[in-house]
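**Q** Below you'll find target_25.pdb; it's PDB, C-alpha atoms and all ligand atoms.
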```
MODEL        1
ATOM      1  CA  MET G   1      -8.239   4.157-147.198
ATOM      2  CA  SER G   2      -7.896   2.136-144.015
ATOM      3  CA  LYS G   3     -10.758   1.790-141.561
ATOM      4  CA  TYR G   4     -10.771   1.927-137.800
ATOM      5  CA  TRP G   5     -13.321   1.965-135.029
ATOM      6  CA  ASP G   6     -13.883   4.965-132.830
ATOM      7  CA  ASN G   7     -16.719   5.089-130.296
ATOM      8  CA  GLU G   8     -18.756   2.687-132.410
ATOM      9  CA  THR G   9     -18.411   4.798-135.523
ATOM     10  CA  VAL G  10     -16.322   3.713-138.469
ATOM     11  CA  TYR G  11     -14.147   6.448-139.900
ATOM     12  CA  SER G  12     -11.975   6.316-142.951
ATOM     13  CA  GLN G  13      -8.417   7.449-142.435
ATOM     14  CA  PRO G  14      -6.505   8.578-145.495
ATOM     15  CA  THR G  15      -3.164   6.850-145.980
ATOM     16  CA  LEU G  16       0.033   8.869-145.961
ATOM     17  CA  GLN G  17       0.312   8.600-149.732
ATOM     18  CA  GLU G  18      -3.268   9.774-150.222
ATOM     19  CA  LEU G  19      -2.597  12.767-147.960
ATOM     20  CA  ARG G  20       0.616  13.619-149.821
ATOM     21  CA  ASP G  21      -1.126  13.484-153.194
ATOM     22  CA  LYS G  22      -3.922  15.732-151.939
ATOM     23  CA  VAL G  23      -1.432  18.202-150.424
ATOM     24  CA  LYS G  24       0.336  18.369-153.782
ATOM     25  CA  ALA G  25      -2.927  19.015-155.634
ATOM     26  CA  SER G  26      -4.024  21.704-153.147
ATOM     27  CA  ASN G  27      -0.670  23.468-153.363
ATOM     28  CA  ALA G  28      -0.849  23.433-157.159
ATOM     29  CA  ASN G  29      -4.347  24.868-156.959
ATOM     30  CA  ALA G  30      -3.199  27.621-154.566
ATOM     31  CA  ALA G  31      -0.292  28.500-156.872
ATOM     32  CA  LYS G  32      -2.709  28.776-159.770
ATOM     33  CA  LYS G  33      -4.787  31.239-157.754
ATOM     34  CA  LYS G  34      -1.585  33.063-156.701
ATOM     35  CA  LEU G  35      -2.287  32.401-153.005
ATOM     36  CA  THR G  36       0.745  32.515-150.725
ATOM     37  CA  TYR G  37       0.771  29.728-148.172
ATOM     38  CA  ASP G  38       3.143  29.367-145.245
ATOM     39  CA  PRO G  39       3.234  25.597-144.660
ATOM     40  CA  ILE G  40       4.613  23.385-141.913
ATOM     41  CA  LYS G  41       6.840  21.205-144.074
ATOM     42  CA  PRO G  42       6.676  17.426-143.586
ATOM     43  CA  PHE G  43       9.237  15.972-141.187
ATOM     44  CA  SER G  44      10.118  12.587-139.737
ATOM     45  CA  ARG G  45      11.855  13.420-136.431
ATOM     46  CA  ARG G  46      10.237  11.697-133.481
ATOM     47  CA  ASN G  47       9.623  14.809-131.393
ATOM     48  CA  ILE G  48       7.519  17.555-132.902
ATOM     49  CA  CYS G  49       9.718  20.286-131.405
ATOM     50  CA  THR G  50      13.391  20.487-130.552
ATOM     51  CA  SER G  51      13.693  23.658-128.418
ATOM     52  CA  TRP G  52      12.720  23.675-124.733
ATOM     53  CA  TRP G  53       9.977  26.207-125.412
ATOM     54  CA  GLY G  54       8.534  24.268-128.367
ATOM     55  CA  GLN G  55       8.537  21.089-126.300
ATOM     56  CA  ALA G  56       6.960  22.968-123.390
ATOM     57  CA  TRP G  57       4.194  24.178-125.727
ATOM     58  CA  CYS G  58       3.444  20.565-126.744
ATOM     59  CA  SER G  59       3.530  19.309-123.131
ATOM     60  CA  ASN G  60       1.127  22.079-122.202
ATOM     61  CA  LEU G  61      -1.373  20.809-124.802
ATOM     62  CA  GLU G  62      -0.914  17.198-123.790
ATOM     63  CA  GLN G  63      -1.692  17.777-120.131
ATOM     64  CA  TYR G  64      -5.300  18.756-120.874
ATOM     65  CA  ALA G  65      -7.741  15.850-120.956
ATOM     66  CA  ASP G  66     -10.135  17.911-123.112
ATOM     67  CA  TYR G  67      -7.732  17.560-126.004
ATOM     68  CA  ALA G  68      -6.573  13.980-125.529
ATOM     69  CA  THR G  69      -8.751  12.239-128.124
ATOM     70  CA  ARG G  70      -7.287  13.728-131.289
ATOM     71  CA  LEU G  71      -3.733  14.670-130.349
ATOM     72  CA  ASP G  72      -2.071  11.539-131.736
ATOM     73  CA  ARG G  73      -3.816  11.924-135.055
ATOM     74  CA  GLY G  74      -2.879  15.594-135.054
ATOM     75  CA  LYS G  75       0.783  14.596-134.640
ATOM     76  CA  ARG G  76       0.553  12.253-137.623
ATOM     77  CA  TYR G  77      -1.080  14.997-139.671
ATOM     78  CA  VAL G  78       1.447  17.713-138.897
ATOM     79  CA  LYS G  79       4.364  15.351-139.594
ATOM     80  CA  ALA G  80       2.804  14.398-142.933
ATOM     81  CA  GLY G  81       2.863  18.050-144.036
ATOM     82  CA  THR G  82      -0.920  18.454-144.131
ATOM     83  CA  VAL G  83      -0.778  21.895-142.469
ATOM     84  CA  ILE G  84      -0.348  23.632-145.808
ATOM     85  CA  ASP G  85      -0.801  27.133-144.420
ATOM     86  CA  LEU G  86      -0.373  28.532-140.914
ATOM     87  CA  GLN G  87      -0.530  32.243-140.110
ATOM     88  CA  ILE G  88       0.027  33.503-136.579
ATOM     89  CA  LYS G  89      -1.567  36.846-135.732
ATOM     90  CA  LYS G  90      -2.333  38.660-132.502
ATOM     91  CA  GLY G  91      -4.690  36.368-130.562
ATOM     92  CA  ARG G  92      -5.498  34.285-133.634
ATOM     93  CA  ILE G  93      -4.155  31.534-135.861
ATOM     94  CA  GLU G  94      -5.562  30.903-139.318
ATOM     95  CA  ALA G  95      -4.628  27.678-141.033
ATOM     96  CA  ARG G  96      -5.537  25.287-143.819
ATOM     97  CA  VAL G  97      -5.189  21.576-143.245
ATOM     98  CA  GLN G  98      -5.412  18.955-145.956
ATOM     99  CA  GLY G  99      -7.684  16.072-144.991
ATOM    100  CA  SER G 100      -9.425  13.301-146.863
ATOM    101  CA  ARG G 101     -11.529  15.680-148.926
ATOM    102  CA  LYS G 102     -10.215  17.515-151.941
ATOM    103  CA  THR G 103     -10.620  20.994-150.424
ATOM    104  CA  PRO G 104      -8.394  21.675-147.400
ATOM    105  CA  TYR G 105     -10.219  22.373-144.142
ATOM    106  CA  LYS G 106     -10.097  25.855-142.714
ATOM    107  CA  VAL G 107      -9.046  26.057-139.082
ATOM    108  CA  GLU G 108      -9.237  29.113-136.884
ATOM    109  CA  ILE G 109      -7.882  29.111-133.340
ATOM    110  CA  ARG G 110      -8.363  32.034-130.990
ATOM    111  CA  ILE G 111      -6.169  32.453-127.934
ATOM    112  CA  SER G 112      -6.940  35.187-125.414
ATOM    113  CA  PRO G 113      -4.269  37.865-125.166
ATOM    114  CA  LEU G 114      -2.307  37.851-121.922
ATOM    115  CA  SER G 115      -3.394  40.146-119.142
ATOM    116  CA  GLN G 116      -1.503  43.427-118.860
ATOM    117  CA  GLU G 117       0.007  42.111-115.644
ATOM    118  CA  SER G 118       1.435  39.009-117.351
ATOM    119  CA  CYS G 119       2.774  41.103-120.267
ATOM    120  CA  ASP G 120       4.521  43.428-117.808
ATOM    121  CA  ARG G 121       5.950  40.425-115.998
ATOM    122  CA  ILE G 122       7.563  38.926-119.101
ATOM    123  CA  ILE G 123       8.777  42.268-120.461
ATOM    124  CA  GLU G 124      10.409  43.127-117.128
ATOM    125  CA  LYS G 125      11.907  39.687-116.655
ATOM    126  CA  CYS G 126      13.229  39.346-120.192
ATOM    127  CA  GLY G 127      13.799  42.914-121.361
ATOM    128  CA  ARG G 128      15.921  43.957-118.400
ATOM    129  CA  ARG G 129      18.745  41.777-119.600
ATOM    130  CA  ILE G 130      20.201  42.599-122.964
ATOM    131  CA  GLU G 131      21.587  39.053-123.289
ATOM    132  CA  ASN G 132      17.965  37.932-123.347
ATOM    133  CA  MET G 133      17.230  40.294-126.189
ATOM    134  CA  GLU G 134      20.287  39.041-128.058
ATOM    135  CA  SER G 135      19.150  35.459-127.569
ATOM    136  CA  LEU G 136      15.732  36.322-128.956
ATOM    137  CA  ILE G 137      17.218  37.968-132.018
ATOM    138  CA  LYS G 138      19.144  34.727-132.625
ATOM    139  CA  GLY G 139      15.825  32.893-132.407
ATOM    140  CA  GLU G 140      16.350  31.478-128.915
ATOM    141  CA  LEU G 141      14.265  31.953-125.814
ATOM    142  CA  PRO G 142      16.545  32.416-122.792
ATOM    143  CA  SER G 143      16.406  29.413-120.493
ATOM    144  CA  ASP G 144      15.933  31.563-117.389
ATOM    145  CA  LEU G 145      12.425  32.281-118.689
ATOM    146  CA  GLN G 146      11.481  28.614-118.566
ATOM    147  CA  GLU G 147       9.541  28.923-115.352
ATOM    148  CA  LEU G 148       7.512  31.863-116.621
ATOM    149  CA  PHE G 149       6.151  29.586-119.330
ATOM    150  CA  THR G 150       5.890  26.237-117.656
ATOM    151  CA  ALA G 151       4.776  27.148-114.109
ATOM    152  CA  LYS G 152       1.131  26.655-113.203
ATOM    153  CA  GLY G 153      -0.726  29.765-114.323
ATOM    154  CA  GLY G 154       2.246  30.497-116.625
ATOM    155  CA  LEU G 155       2.251  32.072-120.041
ATOM    156  CA  PHE G 156       1.002  29.132-122.092
ATOM    157  CA  PRO G 157      -2.761  29.143-122.559
ATOM    158  CA  SER G 158      -5.153  26.799-120.766
ATOM    159  CA  PRO G 159      -8.213  25.328-122.565
ATOM    160  CA  LYS G 160     -10.465  28.097-121.226
ATOM    161  CA  GLU G 161      -8.287  30.644-123.037
ATOM    162  CA  ILE G 162      -8.479  28.749-126.338
ATOM    163  CA  SER G 163     -11.376  28.394-128.753
ATOM    164  CA  PHE G 164     -11.360  26.894-132.225
ATOM    165  CA  ASP G 165     -13.337  26.111-135.346
ATOM    166  CA  CYS G 166     -12.694  23.695-138.160
ATOM    167  CA  SER G 167     -14.725  23.328-141.343
ATOM    168  CA  CYS G 168     -14.636  19.493-141.090
ATOM    169  CA  PRO G 169     -17.610  17.438-139.822
ATOM    170  CA  ASP G 170     -15.798  15.851-136.829
ATOM    171  CA  TRP G 171     -17.800  16.010-133.579
ATOM    172  CA  ALA G 172     -14.818  15.815-131.227
ATOM    173  CA  ILE G 173     -14.025  18.763-128.940
ATOM    174  CA  MET G 174     -10.766  19.052-130.793
ATOM    175  CA  CYS G 175     -10.581  17.463-134.245
ATOM    176  CA  LYS G 176      -7.295  16.146-135.661
ATOM    177  CA  HIS G 177      -6.971  19.189-137.957
ATOM    178  CA  VAL G 178      -7.064  21.583-135.000
ATOM    179  CA  ALA G 179      -4.643  19.279-133.141
ATOM    180  CA  ALA G 180      -2.282  19.321-136.157
ATOM    181  CA  VAL G 181      -2.384  23.127-136.170
ATOM    182  CA  MET G 182      -1.694  23.260-132.415
ATOM    183  CA  TYR G 183       1.439  21.166-132.986
ATOM    184  CA  GLY G 184       2.252  23.295-136.031
ATOM    185  CA  ILE G 185       2.259  26.363-133.764
ATOM    186  CA  GLY G 186       4.888  24.570-131.653
ATOM    187  CA  VAL G 187       7.024  24.072-134.792
ATOM    188  CA  ARG G 188       6.708  27.789-135.597
ATOM    189  CA  PHE G 189       7.742  28.735-132.054
ATOM    190  CA  ASP G 190      10.729  26.427-132.417
ATOM    191  CA  GLU G 191      11.824  28.406-135.473
ATOM    192  CA  ASN G 192      11.128  31.829-134.001
ATOM    193  CA  PRO G 193       9.949  32.432-130.427
ATOM    194  CA  PHE G 194       8.817  35.963-131.345
ATOM    195  CA  PHE G 195       5.677  34.346-132.772
ATOM    196  CA  PHE G 196       4.690  33.608-129.207
ATOM    197  CA  PHE G 197       4.892  37.300-128.324
ATOM    198  CA  GLU G 198       2.835  38.198-131.369
ATOM    199  CA  LEU G 199       0.206  35.557-130.641
ATOM    200  CA  ARG G 200      -0.290  36.498-127.012
ATOM    201  CA  GLY G 201      -0.337  40.214-127.653
ATOM    202  CA  ILE G 202       2.980  41.146-126.058
ATOM    203  CA  ASP G 203       4.056  44.516-127.446
ATOM    204  CA  VAL G 204       7.405  43.748-129.075
ATOM    205  CA  ASP G 205       8.278  47.463-129.511
ATOM    206  CA  ARG G 206       7.845  48.047-125.795
ATOM    207  CA  PHE G 207       9.881  44.961-125.119
ATOM    208  CA  ILE G 208      12.733  46.261-127.291
ATOM    209  CA  ASN G 209      12.539  49.714-125.660
ATOM    210  CA  VAL G 210      12.903  48.214-122.190
ATOM    211  CA  ALA G 211      15.919  46.221-123.381
ATOM    212  CA  LEU G 212      17.515  49.284-124.999
ATOM    213  CA  GLU G 213      16.867  51.532-121.986
ATOM    214  CA  SER G 214      18.449  48.975-119.765
ATOM    215  CA  LYS G 215      21.455  48.721-122.101
ATOM    216  CA  VAL G 216      21.890  52.538-122.069
ATOM    217  CA  GLU G 217      21.621  52.556-118.262
ATOM    218  CA  SER G 218      24.337  49.955-117.949
ATOM    219  CA  MET G 219      26.555  51.813-120.447
ATOM    220  CA  LEU G 220      26.156  55.041-118.454
ATOM    221  CA  ASN G 221      26.981  53.214-115.254
ATOM    222  CA  ASN G 222      30.122  51.896-116.867
ATOM    223  CA  ALA G 223      31.121  55.252-118.388
ATOM    224  CA  ASP G 224      33.406  56.059-115.451
ATOM    225  CA  ASN G 225      35.340  52.905-116.105
ATOM    226  CA  ILE G 226      36.404  53.748-119.665
ATOM    227  CA  SER G 227      40.001  52.627-120.025
ATOM    228  CA  ASP G 228      42.798  54.314-121.943
ATOM    229  CA  ARG G 229      42.414  51.720-124.675
ATOM    230  CA  VAL G 230      39.097  53.252-125.739
ATOM    231  CA  ILE G 231      39.501  55.801-128.505
ATOM    232  CA  VAL G 232      37.253  58.769-127.713
ATOM    233  CA  GLY G 233      36.012  61.316-130.289
ATOM    234  CA  ALA G 234      39.033  63.656-129.924
ATOM    235  CA  ASP G 235      41.480  60.848-130.616
ATOM    236  CA  LEU G 236      39.602  59.862-133.755
ATOM    237  CA  THR G 237      39.992  63.424-135.086
ATOM    238  CA  ALA G 238      43.717  63.299-134.461
ATOM    239  CA  LEU G 239      44.015  59.864-135.997
ATOM    240  CA  PHE G 240      42.127  60.457-139.219
ATOM    241  CA  GLY G 241      42.442  64.229-139.548
ATOM    242  CA  VAL G 242      38.685  64.585-139.493
ATOM    243  CA  LEU G 243      37.516  68.124-138.601
TER     244      LEU G 243
HETATM  245 ZN    ZN S 301     -11.352  19.344-138.406
ENDMDL
END
```
Go ahead and express the file in the form of structure tokens.
Ligand SMILES: [Zn+2]
**A**
Amino acid sequence: MSKYWDNETVYSQPTLQELRDKVKASNANAAKKKLTYDPIKPFSRRNICTSWWGQAWCSNLEQYADYATRLDRGKRYVKAGTVIDLQIKKGRIEARVQGSRKTPYKVEIRISPLSQESCDRIIEKCGRRIENMESLIKGELPSDLQELFTAKGGLFPSPKEISFDCSCPDWAIMCKHVAAVMYGIGVRFDENPFFFFELRGIDVDRFINVALESKVESMLNNADNISDRVIVGADLTALFGVL
């Protein structure tokens, strides 16, 4: 353990090796109990996220002074693989973070669902273009949505829309375990931006319907332009002898 001073209180910080050993023990314990964890695996890249939307999520967190005290430690924790379980649900994240104690801390973060108006805005903006839908299926958030997320009053939550609990004894507004989970959410978004839709209560089925309707509309509009190269039903019958 190494010691450091923080507001006149001495805290013990576990070393990386100590954290790794504890993560290993907790995972073994979970396997014994047949619990299924969905971890943020340890990584060494400098930036937490690589996509524009993941990076925008992190910048959104970092602009709020309320959270400043523990963010750096949260970064260290998420990189060390201490977020051994992270589940994103509608309006809620449940996670387990390994700290200095044997039992991992339980973290719960609640994020208010978006207003109906904001949901409509993103569905209209994104769903009306099938290329956007195709990007999402490939795990990419179209770059023309960037402003929707990053503008003031955009789709990322502000501190008043976020509340959290951690089972650790830290007094800070945001402890390092919550901070690690917040960064872990960014890593999840990096992998699959649909988690963002799930978290903020955007109805993915409705989103897909808008995209499909718009695709059908554009196909109908183009129907008059079918060229001779297109084989229509009658030609298929002639070609294959299908009755
Ligand atoms: Zn904590």
**Q** With a cut-off of 9 Å, could you pull out the residues of chain G touching ligand ZN 301 (chain S) and give me the nearest pair of atoms for each, distance in Å to one decimal, using all atoms listed in the file, ordered by chain and ascending number, as a Markdown table?
**A**
```
| residue | atom | partner | partner_atom | distance |
| --- | --- | --- | --- | --- |
| G:Val97 | CA | S:ZN301 | ZN | 8.1 |
| G:Gly99 | CA | S:ZN301 | ZN | 8.2 |
| G:Tyr105 | CA | S:ZN301 | ZN | 6.6 |
| G:Lys106 | CA | S:ZN301 | ZN | 7.9 |
| G:Val107 | CA | S:ZN301 | ZN | 7.1 |
| G:Asp165 | CA | S:ZN301 | ZN | 7.7 |
| G:Cys166 | CA | S:ZN301 | ZN | 4.6 |
| G:Ser167 | CA | S:ZN301 | ZN | 6.0 |
| G:Cys168 | CA | S:ZN301 | ZN | 4.2 |
| G:Pro169 | CA | S:ZN301 | ZN | 6.7 |
| G:Asp170 | CA | S:ZN301 | ZN | 5.9 |
| G:Trp171 | CA | S:ZN301 | ZN | 8.7 |
| G:Ala172 | CA | S:ZN301 | ZN | 8.7 |
| G:Met174 | CA | S:ZN301 | ZN | 7.6 |
| G:Cys175 | CA | S:ZN301 | ZN | 4.6 |
| G:Lys176 | CA | S:ZN301 | ZN | 5.8 |
| G:His177 | CA | S:ZN301 | ZN | 4.4 |
| G:Val178 | CA | S:ZN301 | ZN | 5.9 |
| G:Ala179 | CA | S:ZN301 | ZN | 8.5 |
```
**Q** Just how far from CA of Gly54 in chain G is CA of Phe189 in chain G, in Å to one decimal?
**A** 5.8 Å
**Q** Expressed in Å to a single decimal, how great is the separation between CA of Pro159 in chain G and CA of Tyr64 in chain G?
**A**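 Separation of CA of Pro159 in chain G and CA of Tyr64 in chain G: 7.4 Å.
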**Q** Point out the residue among G:Lys79, G:Arg70, G:Arg96, G:Lys32 with the least atom-to-atom distance to Ser44 in chain G, counting all atoms listed in the file.
**A** G:Lys79
**Q** Between G:Cys58, G:Ile40, G:Ile109, G:Ala28, which has the minimum distance to Asp72 in chain G (counting all atoms listed in the file)?
**A**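 Closest candidate: G:Cys58.
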**Q** In Å, with one decimal, what is the gap from CA of Ile162 in chain G to CA of Ser112 in chain G?
**A**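 Here the two named atoms are 6.7 Å from each other.
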**Q** List every protein, DNA or RNA residue that has an atom no more than 12 Å from (-5.6, 29.2, -119.7) in the file's coordinate frame, counting all atoms listed in the file, and report them as a PyMOL selection string.
**A** chain G and resi 60-61+64+110-115+149+151-163+200
**Q** Produce a file of the selected residues containing C-alpha atoms, as an mmCIF file, in the coordinates of the input.
**A**
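Okay, this is what ended up in again_29.cif:
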```cif
data_model
loop_
_atom_site.group_PDB
_atom_site.id
_atom_site.type_symbol
_atom_site.label_atom_id
_atom_site.label_comp_id
_atom_site.auth_asym_id
_atom_site.auth_seq_id
_atom_site.Cartn_x
_atom_site.Cartn_y
_atom_site.Cartn_z
ATOM 1 C CA ASN G 60 1.127 22.079 -122.202
ATOM 2 C CA LEU G 61 -1.373 20.809 -124.802
ATOM 3 C CA TYR G 64 -5.300 18.756 -120.874
ATOM 4 C CA ARG G 110 -8.363 32.034 -130.990
ATOM 5 C CA ILE G 111 -6.169 32.453 -127.934
ATOM 6 C CA SER G 112 -6.940 35.187 -125.414
ATOM 7 C CA PRO G 113 -4.269 37.865 -125.166
ATOM 8 C CA LEU G 114 -2.307 37.851 -121.922
ATOM 9 C CA SER G 115 -3.394 40.146 -119.142
ATOM 10 C CA PHE G 149 6.151 29.586 -119.330
ATOM 11 C CA ALA G 151 4.776 27.148 -114.109
ATOM 12 C CA LYS G 152 1.131 26.655 -113.203
ATOM 13 C CA GLY G 153 -0.726 29.765 -114.323
ATOM 14 C CA GLY G 154 2.246 30.497 -116.625
ATOM 15 C CA LEU G 155 2.251 32.072 -120.041
ATOM 16 C CA PHE G 156 1.002 29.132 -122.092
ATOM 17 C CA PRO G 157 -2.761 29.143 -122.559
ATOM 18 C CA SER G 158 -5.153 26.799 -120.766
ATOM 19 C CA PRO G 159 -8.213 25.328 -122.565
ATOM 20 C CA LYS G 160 -10.465 28.097 -121.226
ATOM 21 C CA GLU G 161 -8.287 30.644 -123.037
ATOM 22 C CA ILE G 162 -8.479 28.749 -126.338
ATOM 23 C CA SER G 163 -11.376 28.394 -128.753
ATOM 24 C CA ARG G 200 -0.290 36.498 -127.012
#
```
**Q** Please identify all polymer residues within 9 Å of Lys41 in chain G, counting all atoms listed in the file, omitting same-chain residues fewer than 2 positions from it, and present them as an MDAnalysis selection string.
**A** chainID G and resid 39 43 78:84
**Q** Using only C-alpha atoms, determine which residues lie at most 10 Å from Cys49 in chain G, disregarding the query and same-chain residues fewer than 6 positions distant; provide the list as a ChimeraX atom specification.
**A** /G:55-58,183-191
**Q** Smallest atom-to-atom distance to Leu199 in chain G: which of G:Met219, G:Leu19, G:Leu71, G:Ile93, using only C-alpha atoms?
**A** G:Ile93
**Q** Just so the selection is clear, what residues does the PyMOL selection byres (((chain G and resi 89) around 10) and not hetatm) cover here, as a PyMOL selection string?
**A** chain G and resi 86-88+90-94+110+195-201
**Q** Looking at all atoms listed in the file, which of G:Thr15, G:Thr150, G:Ser118, G:Ser26 is the one that sits closest to Trp53 in chain G?
**A** G:Thr150
**Q** Find the residue from G:Gln116, G:Asn27, G:Thr50, G:Gln13 that sits nearest to Ile202 in chain G; use all atoms listed in the file when measuring.
**A** G:Gln116
**Q** Taking all atoms listed in the file into account, which of G:Trp52, G:Ser143, G:Glu124, G:Ser100 comes nearest Gln17 in chain G?
**A**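 Using all atoms listed in the file, Gln17 in chain G sits closest to G:Ser100.
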**Q** For the structure provided, state which residues fall under the PyMOL selection byres (((chain G and resi 210) around 8) and not hetatm), and present them as a CSV table (one decimal) with C-alpha atoms, keeping the file's coordinate frame.
**A**
```
chain,number,residue,atom,x,y,z
G,123,ILE,CA,8.8,42.3,-120.5
G,124,GLU,CA,10.4,43.1,-117.1
G,127,GLY,CA,13.8,42.9,-121.4
G,128,ARG,CA,15.9,44.0,-118.4
G,206,ARG,CA,7.8,48.0,-125.8
G,207,PHE,CA,9.9,45.0,-125.1
G,208,ILE,CA,12.7,46.3,-127.3
G,209,ASN,CA,12.5,49.7,-125.7
G,211,ALA,CA,15.9,46.2,-123.4
G,212,LEU,CA,17.5,49.3,-125.0
G,213,GLU,CA,16.9,51.5,-122.0
G,214,SER,CA,18.4,49.0,-119.8
```
